[in-house]
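Raw contents of work11.txt, compact mmCIF, C-alpha atoms and all ligand atoms:
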# COMPACT_ATOMS: atom_id res chain seq x y z
CA MET A 1160 5.04 2.01 46.12
CA ASP A 1161 7.42 2.47 49.05
CA GLU A 1162 7.50 5.59 51.17
CA LYS A 1163 10.67 6.94 49.55
CA GLU A 1164 9.27 6.61 46.05
CA SER A 1165 6.02 8.22 47.15
CA GLN A 1166 7.95 11.11 48.67
CA ARG A 1167 10.02 11.48 45.50
CA LEU A 1168 6.85 11.66 43.36
CA ASN A 1169 5.33 14.23 45.68
CA GLU A 1170 8.46 16.36 45.48
CA GLU A 1171 8.52 15.99 41.70
CA ARG A 1172 4.90 17.04 41.55
CA GLN A 1173 5.50 20.03 43.80
CA ARG A 1174 8.35 21.10 41.52
CA LYS A 1175 6.11 20.85 38.46
CA HIS A 1176 3.45 22.95 40.19
CA GLU A 1177 6.01 25.64 40.96
CA GLU A 1178 7.25 25.60 37.35
CA ALA A 1179 3.64 25.75 36.21
CA ASN A 1180 3.10 28.96 38.09
CA VAL A 1181 6.10 30.46 36.32
CA ASN A 1182 4.84 29.14 32.98
CA LYS A 1183 1.42 30.54 33.66
CA GLU A 1184 2.85 34.04 33.96
CA LYS A 1185 4.87 33.46 30.81
CA SER A 1186 1.89 32.09 28.92
CA GLN A 1187 -0.05 35.27 29.43
CA LEU A 1188 2.63 37.04 27.42
CA ILE A 1189 2.33 34.69 24.47
CA GLN A 1190 -0.07 35.60 21.72
CA PRO A 1191 -2.44 32.81 20.78
CA LEU A 1192 -1.04 30.68 17.98
CA GLN A 1193 -2.77 30.57 14.66
CA ALA A 1194 -3.65 26.87 14.74
CA THR A 1195 -7.22 27.42 13.67
CA PRO A 1196 -9.64 24.47 13.58
CA PRO A 1197 -9.39 24.21 9.75
CA GLU A 1198 -5.58 24.18 9.99
CA LEU A 1199 -5.68 21.41 12.58
CA ALA A 1200 -8.13 19.49 10.41
CA GLU A 1201 -5.86 19.84 7.38
CA ALA A 1202 -2.87 18.59 9.38
CA ILE A 1203 -4.74 15.58 10.80
CA VAL A 1204 -7.03 14.46 7.96
CA SER A 1205 -5.49 12.70 4.96
CA PRO A 1206 -5.93 14.49 1.61
CA GLY A 1207 -8.35 11.85 0.25
CA THR A 1208 -10.58 12.04 3.35
CA GLN A 1209 -10.66 15.83 3.24
CA LEU A 1210 -13.15 15.32 0.40
CA CYS A 1211 -15.63 14.19 3.12
CA LEU A 1212 -14.68 16.87 5.70
CA THR A 1213 -17.46 19.42 6.16
CA GLY A 1214 -16.50 21.33 9.31
CA SER A 1215 -14.17 21.80 12.27
CA SER A 1216 -14.36 23.59 15.61
CA ILE A 1217 -12.49 23.76 18.90
CA THR A 1218 -13.66 24.23 22.46
CA ALA A 1219 -10.79 24.94 24.84
CA ASN A 1220 -9.70 27.01 27.80
CA SER A 1221 -7.05 28.57 25.56
CA PRO A 1222 -6.32 28.61 21.80
CA LEU A 1223 -2.77 27.62 22.78
CA GLN A 1224 -4.05 24.11 23.51
CA GLY A 1225 -4.16 23.17 19.82
CA GLU A 1226 -1.09 23.17 17.61
CA VAL A 1227 -0.04 22.13 14.13
CA PHE A 1228 3.46 20.64 14.14
CA ASN A 1229 5.59 20.81 11.01
CA ILE A 1230 8.55 19.08 12.68
CA PRO A 1231 9.11 15.39 13.34
CA LEU A 1232 8.24 14.30 16.89
CA GLN A 1233 7.91 10.73 18.15
CA GLY A 1234 7.55 9.30 14.64
CA PHE A 1235 4.95 11.85 13.56
CA PRO A 1236 3.84 13.06 11.07
CA THR A 1237 2.58 9.78 9.61
CA ASN A 1238 0.84 11.41 6.63
CA GLY A 1239 2.07 14.53 4.84
CA ASN A 1240 4.28 17.17 6.43
CA SER A 1241 2.29 18.02 9.53
CA PHE A 1242 0.22 16.58 12.36
CA GLY A 1243 -2.02 17.86 15.13
CA GLY A 1244 -1.35 18.13 18.86
CA LEU A 1245 -3.99 18.72 21.53
CA SER A 1246 -2.87 19.51 25.07
CA SER A 1247 -4.20 20.35 28.49
CA GLY A 1248 -1.49 23.03 28.45
CA ILE A 1249 0.44 24.88 25.77
CA ALA A 1250 0.50 22.37 22.93
CA ALA A 1251 3.62 23.89 21.36
CA ASP A 1252 5.53 23.04 24.57
CA ALA A 1253 5.46 19.41 23.42
CA SER A 1254 8.59 20.07 21.35
CA ILE A 1255 10.65 21.13 24.39
CA ALA A 1256 12.82 18.03 24.41
CA GLY A 1257 13.25 16.65 27.89
CA GLY A 1258 11.59 19.75 29.32
CA THR A 1259 8.57 20.33 31.47
CA CYS A 1260 5.08 21.15 30.27
CA SER A 1261 2.80 22.42 32.98
CA THR A 1262 0.59 25.39 32.32
CA CYS A 1263 -2.59 26.30 34.13
CA PHE A 1264 -5.24 28.12 32.11
CA ASN A 1265 -8.21 27.46 34.36
CA PRO A 1266 -7.25 27.66 38.05
CA ALA A 1267 -10.87 27.00 39.00
CA GLY A 1268 -10.90 23.57 37.38
CA ASP A 1269 -9.44 21.47 34.58
CA ASP A 1270 -7.84 22.46 31.29
CA THR A 1271 -9.84 20.84 28.52
CA ILE A 1272 -9.67 20.90 24.75
CA SER A 1273 -12.11 19.30 22.31
CA LEU A 1274 -11.62 19.28 18.55
CA ASP A 1275 -14.76 18.44 16.58
CA LEU A 1276 -14.45 17.33 12.96
CA THR A 1277 -17.60 16.71 10.92
CA PHE A 1278 -17.69 14.40 7.92
CA ASP A 1279 -20.22 13.32 5.34
CA VAL A 1280 -19.82 9.54 5.46
CA PRO A 1281 -19.94 7.92 2.01
CA THR A 1282 -22.78 5.55 1.15
CA ASN A 1283 -20.39 2.60 1.13
CA PRO A 1284 -17.96 3.39 3.93
CA GLY A 1285 -15.24 1.26 5.44
CA ASN A 1286 -13.35 2.13 8.60
CA LEU A 1287 -12.41 5.38 10.26
CA THR A 1288 -8.70 5.09 11.10
CA PHE A 1289 -6.14 7.44 12.60
CA ASP A 1290 -2.70 7.32 14.22
CA TRP A 1291 -2.16 8.58 17.74
CA LYS A 1292 0.10 8.79 20.75
CA PHE A 1293 -0.79 9.96 24.23
CA GLY A 1294 1.84 11.66 26.36
CA ALA A 1295 1.73 12.91 29.92
CA GLU A 1296 3.83 14.87 32.31
CA GLU A 1297 1.54 13.48 34.94
CA SER A 1298 2.85 10.53 36.88
CA PRO A 1299 0.47 7.60 36.70
CA ILE A 1300 -1.25 8.12 40.02
CA THR A 1301 -4.97 7.63 40.32
CA SER A 1302 -5.88 11.03 41.71
CA PHE A 1303 -4.80 12.88 38.54
CA ASN A 1304 -6.36 10.82 35.79
CA ASP A 1305 -5.65 12.76 32.59
CA PHE A 1306 -7.22 11.24 29.50
CA PHE A 1307 -7.43 11.25 25.73
CA ASN A 1308 -10.88 10.45 24.44
CA VAL A 1309 -12.21 9.95 20.91
CA LEU A 1310 -15.94 10.01 20.27
CA VAL A 1311 -18.19 9.55 17.26
CA ASN A 1312 -21.48 11.41 17.69
CA ALA A 1313 -20.65 11.89 21.40
CA VAL A 1314 -20.10 8.15 22.05
CA PRO A 1315 -16.54 6.98 22.84
CA ILE A 1316 -15.20 4.54 20.26
CA PRO A 1317 -13.89 1.18 21.53
CA GLY A 1318 -10.51 1.51 23.25
CA PHE A 1319 -11.16 5.06 24.42
CA PRO A 1320 -10.72 6.97 26.62
CA VAL A 1321 -7.13 6.14 27.40
CA THR A 1322 -5.87 7.58 30.65
CA VAL A 1323 -2.51 7.99 32.36
CA ASN A 1324 -3.58 5.10 34.55
CA THR A 1325 -4.74 2.73 31.79
CA ALA A 1326 -2.56 3.58 28.77
CA VAL A 1327 0.74 1.82 28.13
CA LEU A 1328 3.20 4.68 28.60
CA SER A 1329 6.96 4.79 28.93
CA PRO A 1330 9.74 7.40 28.87
CA PRO A 1331 10.00 8.90 25.36
CA VAL A 1332 12.52 7.40 22.93
CA PRO A 1333 13.91 9.52 21.40
CA ASN A 1334 13.55 12.05 24.16
CA ASP A 1335 12.25 14.76 21.82
CA VAL A 1336 9.16 15.87 23.78
CA CYS A 1337 8.43 17.52 27.12
CA TYR A 1338 6.36 14.61 28.40
CA SER A 1339 7.92 12.24 30.90
CA LEU A 1340 5.76 9.36 29.64
CA ILE A 1341 4.31 8.64 26.20
CA SER A 1342 2.93 5.77 24.13
CA PRO A 1343 6.03 3.79 23.12
CA MET A 1344 4.63 2.93 19.68
CA ILE A 1345 2.38 4.83 17.29
CA GLN A 1346 -1.12 3.47 17.78
CA THR A 1347 -3.63 3.10 14.95
CA ALA A 1348 -7.28 3.22 15.93
CA SER A 1349 -9.94 1.69 13.68
CA PHE A 1350 -13.70 2.13 13.89
CA ASP A 1351 -16.32 0.61 11.57
CA LEU A 1352 -18.43 3.32 9.95
CA THR A 1353 -20.84 0.96 8.17
CA PRO A 1354 -23.74 1.91 10.52
CA PHE A 1355 -23.20 5.57 9.61
CA ALA A 1356 -23.40 5.12 5.82
CA GLY A 1357 -24.66 8.26 4.14
CA GLN A 1358 -24.87 10.20 7.43
CA THR A 1359 -23.05 13.22 8.79
CA ILE A 1360 -20.92 12.36 11.83
CA THR A 1361 -18.94 14.36 14.34
CA VAL A 1362 -15.59 12.93 15.42
CA THR A 1363 -14.40 14.50 18.69
CA PHE A 1364 -10.84 14.39 20.01
CA GLN A 1365 -10.62 15.47 23.63
CA VAL A 1366 -7.78 15.88 26.11
CA SER A 1367 -8.71 16.61 29.71
CA TYR A 1368 -8.80 15.17 33.18
CA PHE A 1369 -11.41 13.07 34.96
CA GLY A 1370 -12.16 15.60 37.65
CA SER A 1371 -12.79 14.70 41.23
CA VAL A 1372 -13.37 17.05 44.12
CA PHE A 1373 -10.46 19.23 43.06
CA GLY A 1374 -9.35 20.65 39.76
CA ASP A 1375 -6.10 19.84 38.05
CA CYS A 1376 -5.10 22.45 35.53
CA VAL A 1377 -1.34 21.92 35.95
CA VAL A 1378 0.92 19.05 34.85
CA ASP A 1379 -0.20 18.57 31.29
CA SER A 1380 -1.04 15.71 28.97
CA ALA A 1381 -1.40 15.71 25.20
CA ALA A 1382 -2.39 13.66 22.18
CA PHE A 1383 -0.64 13.59 18.82
CA ILE A 1384 -3.00 12.73 15.95
CA ASP A 1385 -2.44 12.21 12.24
CA ASN A 1386 -3.38 10.22 9.15
CA LEU A 1387 -7.13 10.25 9.77
CA GLN A 1388 -8.81 8.35 6.97
CA ILE A 1389 -12.34 7.29 6.16
CA GLU A 1390 -12.39 4.49 3.66
CA GLY A 1391 -14.65 5.36 0.77
CA CYS A 1392 -14.13 9.12 0.80
CA GLU A 1393 -11.60 8.87 -1.96
CA PRO A 1394 -12.77 6.99 -5.06
CA PRO A 1395 -10.35 4.24 -6.11
CA THR A 1396 -7.57 5.17 -8.48
CA ILE A 1397 -6.33 2.43 -10.79
CA THR A 1398 -2.87 2.73 -12.25
CA CYS A 1399 -2.09 0.40 -15.16
CA PRO A 1400 1.37 -1.10 -15.76
CA ASP A 1401 3.59 0.45 -18.44
CA ASN A 1402 3.29 -0.57 -22.09
CA ILE A 1403 5.06 -3.82 -22.99
CA THR A 1404 6.81 -4.63 -26.29
CA GLN A 1405 7.28 -8.35 -26.93
CA GLU A 1406 8.48 -10.49 -29.88
CA ASN A 1407 6.19 -13.16 -31.35
CA ASP A 1408 6.60 -16.63 -29.86
CA PRO A 1409 8.55 -19.02 -32.22
CA SER A 1410 6.40 -20.13 -35.21
CA GLN A 1411 3.46 -18.08 -33.89
CA CYS A 1412 1.76 -14.92 -35.13
CA GLY A 1413 1.60 -13.60 -31.59
CA ALA A 1414 2.76 -14.34 -28.05
CA ASN A 1415 1.58 -15.19 -24.59
CA VAL A 1416 2.21 -12.06 -22.59
CA THR A 1417 2.24 -11.72 -18.85
CA TYR A 1418 2.00 -8.34 -17.20
CA PRO A 1419 1.91 -7.09 -13.59
CA PRO A 1420 -1.47 -6.30 -12.01
CA PRO A 1421 -2.60 -2.67 -11.83
CA THR A 1422 -2.13 -0.84 -8.53
CA VAL A 1423 -5.18 0.46 -6.69
CA SER A 1424 -5.35 3.26 -4.13
CA GLY A 1425 -8.33 4.76 -2.31
CA GLY A 1426 -11.81 3.27 -2.27
CA VAL A 1427 -13.19 0.68 0.11
CA PRO A 1428 -11.34 -2.65 0.11
CA PRO A 1429 -11.62 -5.31 -1.10
CA ILE A 1430 -11.56 -3.87 -4.62
CA ASP A 1431 -11.62 -6.45 -7.40
CA VAL A 1432 -9.81 -5.37 -10.54
CA VAL A 1433 -10.31 -7.50 -13.66
CA CYS A 1434 -7.99 -7.15 -16.66
CA THR A 1435 -9.13 -8.11 -20.15
CA PRO A 1436 -7.39 -9.89 -21.76
CA ALA A 1437 -5.93 -11.47 -18.63
CA SER A 1438 -2.21 -11.59 -18.00
CA GLY A 1439 -0.76 -14.63 -19.78
CA SER A 1440 -3.27 -14.43 -22.67
CA PHE A 1441 -2.24 -14.91 -26.29
CA PHE A 1442 -1.87 -11.53 -27.94
CA ILE A 1443 -1.93 -11.22 -31.75
CA CA B 1501 -0.74 15.01 8.41
CA CA B 1502 -2.84 22.58 32.08

Could I get this structure in the form of structure tokens?
Amino acid sequence: MDEKESQRLNEERQRKHEEANVNKEKSQLIQPLQATPPELAEAIVSPGTQLCLTGSSITANSPLQGEVFNIPLQGFPTNGNSFGGLSSGIAADASIAGGTCSTCFNPAGDDTISLDLTFDVPTNPGNLTFDWKFGAEESPITSFNDFFNVLVNAVPIPGFPVTVNTAVLSPPVPNDVCYSLISPMIQTASFDLTPFAGQTITVTFQVSYFGSVFGDCVVDSAAFIDNLQIEGCEPPTITCPDNITQENDPSQCGANVTYPPPTVSGGVPPIDVVCTPASGSFFI
């Protein structure tokens, strides 16, 4: 990075800090939003997987750091009408298109939020999957290494944490969020739950900053999360094709009838569905 670019980034950062101080005063006037842990869980977890959901809790410097969004942002929601946002600042600020999101809740250190969701894993589970994007107002410089981490029973799942220095981030398209950089595509994480069959697990989503000798409560980062599914929570549903009326074949007291296969949703793939009599059989 040349000297001019470095100076520009420093000036940009200084500006964000000054705006953060203004936002901090403003934020004290805002009543905490009502995005309770169960509401965030309902927004994030798919309806079928909610059958396995047993609990939810949040640890944060402010209740404003978790938000349920009922508006489209960056391709979300990806399941239902709402999705969850976790931020190291005011999560609702994410929808300030092209704006700035820098709010300090904890001047003595970092702003951190952790959302814990507990699930009873089915006895024959498949994968845990969810959609996510990570956005940051923070420029990708090593000294302010904001991150999004996802853990199962306190152990990060493969691919996490992602940080402003390791994630693929680019300016938002469309520019409908406050973050200057965000994942360009919706990411889908997948984690094999076979070793946890029949157990209770805690899935933790955390947004914070890898602290060093100084705290960094300003210049925020956030994660959007939706469509969390655990294969096996929802028993398979089989939908048969519509009834078919068919004439006898010529000179026959019946006909060979072909019909489309049933559709299957839920359950743990692969699910083998056998039809009797098979499509193409002779029906009398
Ligand atoms: Ca949703
Ligand atoms: Ca903050």

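For the choices A:Ser1424, A:Gln1365, A:Ser1438, A:Asn1238, the atom-to-atom distance to Val1204 of chain A is smallest for A:Asn1238 when using only C-alpha atoms.
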
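Using all atoms listed in the file, the smallest distance between any of A:Thr1361, A:Asn1386, A:Ser1247, A:Asn1240 and ligand CA 1502 (chain B) comes from A:Ser1247.
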
May I have the protein, DNA and RNA residues with an atom at most 7 Å from (-17.1, 20.7, 16.4), counting all atoms listed in the file in the file's coordinates, returned as number ranges by chain?
-> A: 1215-1217, 1274-1277, 1361

Compile the contact shell of Thr1398 of chain A as a VMD selection string: residues with an atom at most 12 Å away, counting only C-alpha atoms, same-chain residues fewer than 3 positions apart removed.
-> chain A and resid 1395 1401 1419 to 1425 1432 1434

Take the residues that were just selected and, keeping C-alpha atoms, output them as a CSV table (one decimal), in the frame of the given file.
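The resulting result.csv:
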chain,number,residue,atom,x,y,z
A,1395,PRO,CA,-10.4,4.2,-6.1
A,1401,ASP,CA,3.6,0.4,-18.4
A,1419,PRO,CA,1.9,-7.1,-13.6
A,1420,PRO,CA,-1.5,-6.3,-12.0
A,1421,PRO,CA,-2.6,-2.7,-11.8
A,1422,THR,CA,-2.1,-0.8,-8.5
A,1423,VAL,CA,-5.2,0.5,-6.7
A,1424,SER,CA,-5.4,3.3,-4.1
A,1425,GLY,CA,-8.3,4.8,-2.3
A,1432,VAL,CA,-9.8,-5.4,-10.5
A,1434,CYS,CA,-8.0,-7.2,-16.7

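Among the candidate residues A:Val1378, A:Ala1326, A:Val1309, A:Ile1316, the one lying nearest to Leu1352 of chain A is A:Ile1316, with distances computed using all atoms listed in the file.
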
Radius query 7 Å about (-0.1, 22.7, 14.4), atoms used: all atoms listed in the file, as number ranges by chain | A: 1194, 1199, 1225-1229, 1242-1244

With C-alpha atoms retained, write the just-selected residues as a PDB file, in the frame of the given file.
ATOM      1  CA  ALA A1194      -3.650  26.870  14.740  1.00  0.00           C
ATOM      2  CA  LEU A1199      -5.680  21.410  12.580  1.00  0.00           C
ATOM      3  CA  GLY A1225      -4.160  23.170  19.820  1.00  0.00           C
ATOM      4  CA  GLU A1226      -1.090  23.170  17.610  1.00  0.00           C
ATOM      5  CA  VAL A1227      -0.040  22.130  14.130  1.00  0.00           C
ATOM      6  CA  PHE A1228       3.460  20.640  14.140  1.00  0.00           C
ATOM      7  CA  ASN A1229       5.590  20.810  11.010  1.00  0.00           C
ATOM      8  CA  PHE A1242       0.220  16.580  12.360  1.00  0.00           C
ATOM      9  CA  GLY A1243      -2.020  17.860  15.130  1.00  0.00           C
ATOM     10  CA  GLY A1244      -1.350  18.130  18.860  1.00  0.00           C
TER      11      GLY A1244
END

Closest atom pairs, residues of chain A within 10 Å of ligand CA 1502 (chain B), only C-alpha atoms and all ligand atoms, as JSON lines:
{"residue": "A:Ala1179", "atom": "CA", "partner": "B:CA1502", "partner_atom": "CA", "distance": 8.3}
{"residue": "A:Lys1183", "atom": "CA", "partner": "B:CA1502", "partner_atom": "CA", "distance": 9.2}
{"residue": "A:Asn1220", "atom": "CA", "partner": "B:CA1502", "partner_atom": "CA", "distance": 9.2}
{"residue": "A:Ser1221", "atom": "CA", "partner": "B:CA1502", "partner_atom": "CA", "distance": 9.8}
{"residue": "A:Gln1224", "atom": "CA", "partner": "B:CA1502", "partner_atom": "CA", "distance": 8.8}
{"residue": "A:Ser1246", "atom": "CA", "partner": "B:CA1502", "partner_atom": "CA", "distance": 7.7}
{"residue": "A:Ser1247", "atom": "CA", "partner": "B:CA1502", "partner_atom": "CA", "distance": 4.4}
{"residue": "A:Gly1248", "atom": "CA", "partner": "B:CA1502", "partner_atom": "CA", "distance": 3.9}
{"residue": "A:Ile1249", "atom": "CA", "partner": "B:CA1502", "partner_atom": "CA", "distance": 7.5}
{"residue": "A:Ala1250", "atom": "CA", "partner": "B:CA1502", "partner_atom": "CA", "distance": 9.7}
{"residue": "A:Cys1260", "atom": "CA", "partner": "B:CA1502", "partner_atom": "CA", "distance": 8.2}
{"residue": "A:Ser1261", "atom": "CA", "partner": "B:CA1502", "partner_atom": "CA", "distance": 5.7}
{"residue": "A:Thr1262", "atom": "CA", "partner": "B:CA1502", "partner_atom": "CA", "distance": 4.4}
{"residue": "A:Cys1263", "atom": "CA", "partner": "B:CA1502", "partner_atom": "CA", "distance": 4.3}
{"residue": "A:Phe1264", "atom": "CA", "partner": "B:CA1502", "partner_atom": "CA", "distance": 6.0}
{"residue": "A:Asn1265", "atom": "CA", "partner": "B:CA1502", "partner_atom": "CA", "distance": 7.6}
{"residue": "A:Pro1266", "atom": "CA", "partner": "B:CA1502", "partner_atom": "CA", "distance": 9.0}
{"residue": "A:Gly1268", "atom": "CA", "partner": "B:CA1502", "partner_atom": "CA", "distance": 9.7}
{"residue": "A:Asp1269", "atom": "CA", "partner": "B:CA1502", "partner_atom": "CA", "distance": 7.1}
{"residue": "A:Asp1270", "atom": "CA", "partner": "B:CA1502", "partner_atom": "CA", "distance": 5.1}
{"residue": "A:Thr1271", "atom": "CA", "partner": "B:CA1502", "partner_atom": "CA", "distance": 8.0}
{"residue": "A:Ser1367", "atom": "CA", "partner": "B:CA1502", "partner_atom": "CA", "distance": 8.7}
{"residue": "A:Tyr1368", "atom": "CA", "partner": "B:CA1502", "partner_atom": "CA", "distance": 9.6}
{"residue": "A:Asp1375", "atom": "CA", "partner": "B:CA1502", "partner_atom": "CA", "distance": 7.3}
{"residue": "A:Cys1376", "atom": "CA", "partner": "B:CA1502", "partner_atom": "CA", "distance": 4.1}
{"residue": "A:Val1377", "atom": "CA", "partner": "B:CA1502", "partner_atom": "CA", "distance": 4.2}
{"residue": "A:Val1378", "atom": "CA", "partner": "B:CA1502", "partner_atom": "CA", "distance": 5.9}
{"residue": "A:Asp1379", "atom": "CA", "partner": "B:CA1502", "partner_atom": "CA", "distance": 4.9}
{"residue": "A:Ser1380", "atom": "CA", "partner": "B:CA1502", "partner_atom": "CA", "distance": 7.8}
{"residue": "A:Ala1381", "atom": "CA", "partner": "B:CA1502", "partner_atom": "CA", "distance": 9.8}

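Across A:Val1327, A:Phe1355, A:Ile1443, A:Asp1252, the tightest approach to Asn1312 of chain A is made by A:Phe1355 when counting all atoms listed in the file.
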
Residues at most 12 Å from ligand CA 1501 (chain B), using only C-alpha atoms and all ligand atoms? Could they come as number ranges by chain?
-> A: 1198-1209, 1227-1231, 1234-1244, 1289-1291, 1383-1388

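One distance worth recording is that between atom CA of Cys1399 of chain A and atom CA of Pro1284 of chain A, which is 25.0 Å.
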
With 6 Å added on each side, what axis-aligned box encloses every listed atom of segment 1271-1276 of chain A? Give the centre and edge lengths in Å to one decimal, as lines of an AutoDock Vina configuration file.
center_x = -12.2
center_y = 19.1
center_z = 20.7
size_x = 17.1
size_y = 15.6
size_z = 27.6

Could you pull the residues within 8 Å of segment 1334-1342 of chain A, counting all atoms listed in the file, minus those fewer than 5 positions along the same chain, as a PDB file with C-alpha atoms, keeping the file's coordinate frame?
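Final file, around05.pdb:
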ATOM      1  CA  LEU A1232       8.240  14.300  16.890  1.00  0.00           C
ATOM      2  CA  GLN A1233       7.910  10.730  18.150  1.00  0.00           C
ATOM      3  CA  ASP A1252       5.530  23.040  24.570  1.00  0.00           C
ATOM      4  CA  ALA A1253       5.460  19.410  23.420  1.00  0.00           C
ATOM      5  CA  SER A1254       8.590  20.070  21.350  1.00  0.00           C
ATOM      6  CA  ILE A1255      10.650  21.130  24.390  1.00  0.00           C
ATOM      7  CA  ALA A1256      12.820  18.030  24.410  1.00  0.00           C
ATOM      8  CA  GLY A1257      13.250  16.650  27.890  1.00  0.00           C
ATOM      9  CA  GLY A1258      11.590  19.750  29.320  1.00  0.00           C
ATOM     10  CA  THR A1259       8.570  20.330  31.470  1.00  0.00           C
ATOM     11  CA  CYS A1260       5.080  21.150  30.270  1.00  0.00           C
ATOM     12  CA  LYS A1292       0.100   8.790  20.750  1.00  0.00           C
ATOM     13  CA  PHE A1293      -0.790   9.960  24.230  1.00  0.00           C
ATOM     14  CA  GLY A1294       1.840  11.660  26.360  1.00  0.00           C
ATOM     15  CA  ALA A1295       1.730  12.910  29.920  1.00  0.00           C
ATOM     16  CA  GLU A1296       3.830  14.870  32.310  1.00  0.00           C
ATOM     17  CA  GLU A1297       1.540  13.480  34.940  1.00  0.00           C
ATOM     18  CA  SER A1298       2.850  10.530  36.880  1.00  0.00           C
ATOM     19  CA  ALA A1326      -2.560   3.580  28.770  1.00  0.00           C
ATOM     20  CA  VAL A1327       0.740   1.820  28.130  1.00  0.00           C
ATOM     21  CA  LEU A1328       3.200   4.680  28.600  1.00  0.00           C
ATOM     22  CA  SER A1329       6.960   4.790  28.930  1.00  0.00           C
ATOM     23  CA  SER A1380      -1.040  15.710  28.970  1.00  0.00           C
TER      24      SER A1380
END

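The nearest approach to Pro1222 of chain A among the residues A:Leu1210, A:Leu1287, A:Ser1349, A:Leu1245, with all atoms listed in the file taken into account, belongs to A:Leu1245.
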
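Proximity of A:Pro1196, A:Pro1320, A:Pro1333, A:Pro1315 to Thr1218 of chain A, computed with all atoms listed in the file, is greatest for A:Pro1196.
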
Can segment 1374-1386 of chain A be brought up to N, CA and C atoms and written out as an mmCIF file, in the coordinates of the input?
data_model
loop_
_atom_site.group_PDB
_atom_site.id
_atom_site.type_symbol
_atom_site.label_atom_id
_atom_site.label_comp_id
_atom_site.auth_asym_id
_atom_site.auth_seq_id
_atom_site.Cartn_x
_atom_site.Cartn_y
_atom_site.Cartn_z
ATOM 1 N N GLY A 1374 -9.767 20.477 41.150
ATOM 2 C CA GLY A 1374 -9.350 20.650 39.760
ATOM 3 C C GLY A 1374 -7.883 20.330 39.584
ATOM 4 N N ASP A 1375 -7.502 20.120 38.334
ATOM 5 C CA ASP A 1375 -6.100 19.840 38.050
ATOM 6 C C ASP A 1375 -5.724 20.485 36.728
ATOM 7 N N CYS A 1376 -5.408 21.761 36.781
ATOM 8 C CA CYS A 1376 -5.100 22.450 35.530
ATOM 9 C C CYS A 1376 -3.604 22.368 35.215
ATOM 10 N N VAL A 1377 -2.782 21.978 36.190
ATOM 11 C CA VAL A 1377 -1.340 21.920 35.950
ATOM 12 C C VAL A 1377 -0.921 20.498 35.584
ATOM 13 N N VAL A 1378 0.317 20.329 35.220
ATOM 14 C CA VAL A 1378 0.920 19.050 34.850
ATOM 15 C C VAL A 1378 0.138 18.452 33.674
ATOM 16 N N ASP A 1379 0.623 18.758 32.477
ATOM 17 C CA ASP A 1379 -0.200 18.570 31.290
ATOM 18 C C ASP A 1379 -0.051 17.200 30.622
ATOM 19 N N SER A 1380 -1.043 16.902 29.813
ATOM 20 C CA SER A 1380 -1.040 15.710 28.970
ATOM 21 C C SER A 1380 -1.446 16.134 27.567
ATOM 22 N N ALA A 1381 -1.115 15.311 26.589
ATOM 23 C CA ALA A 1381 -1.400 15.710 25.200
ATOM 24 C C ALA A 1381 -1.569 14.484 24.321
ATOM 25 N N ALA A 1382 -2.250 14.704 23.204
ATOM 26 C CA ALA A 1382 -2.390 13.660 22.180
ATOM 27 C C ALA A 1382 -1.827 14.184 20.869
ATOM 28 N N PHE A 1383 -1.063 13.324 20.192
ATOM 29 C CA PHE A 1383 -0.640 13.590 18.820
ATOM 30 C C PHE A 1383 -1.571 12.778 17.916
ATOM 31 N N ILE A 1384 -2.037 13.403 16.844
ATOM 32 C CA ILE A 1384 -3.000 12.730 15.950
ATOM 33 C C ILE A 1384 -2.644 13.032 14.503
ATOM 34 N N ASP A 1385 -2.719 12.000 13.660
ATOM 35 C CA ASP A 1385 -2.440 12.210 12.240
ATOM 36 C C ASP A 1385 -3.050 11.068 11.422
ATOM 37 N N ASN A 1386 -3.023 11.276 10.109
ATOM 38 C CA ASN A 1386 -3.380 10.220 9.150
ATOM 39 C C ASN A 1386 -4.812 9.720 9.342
#
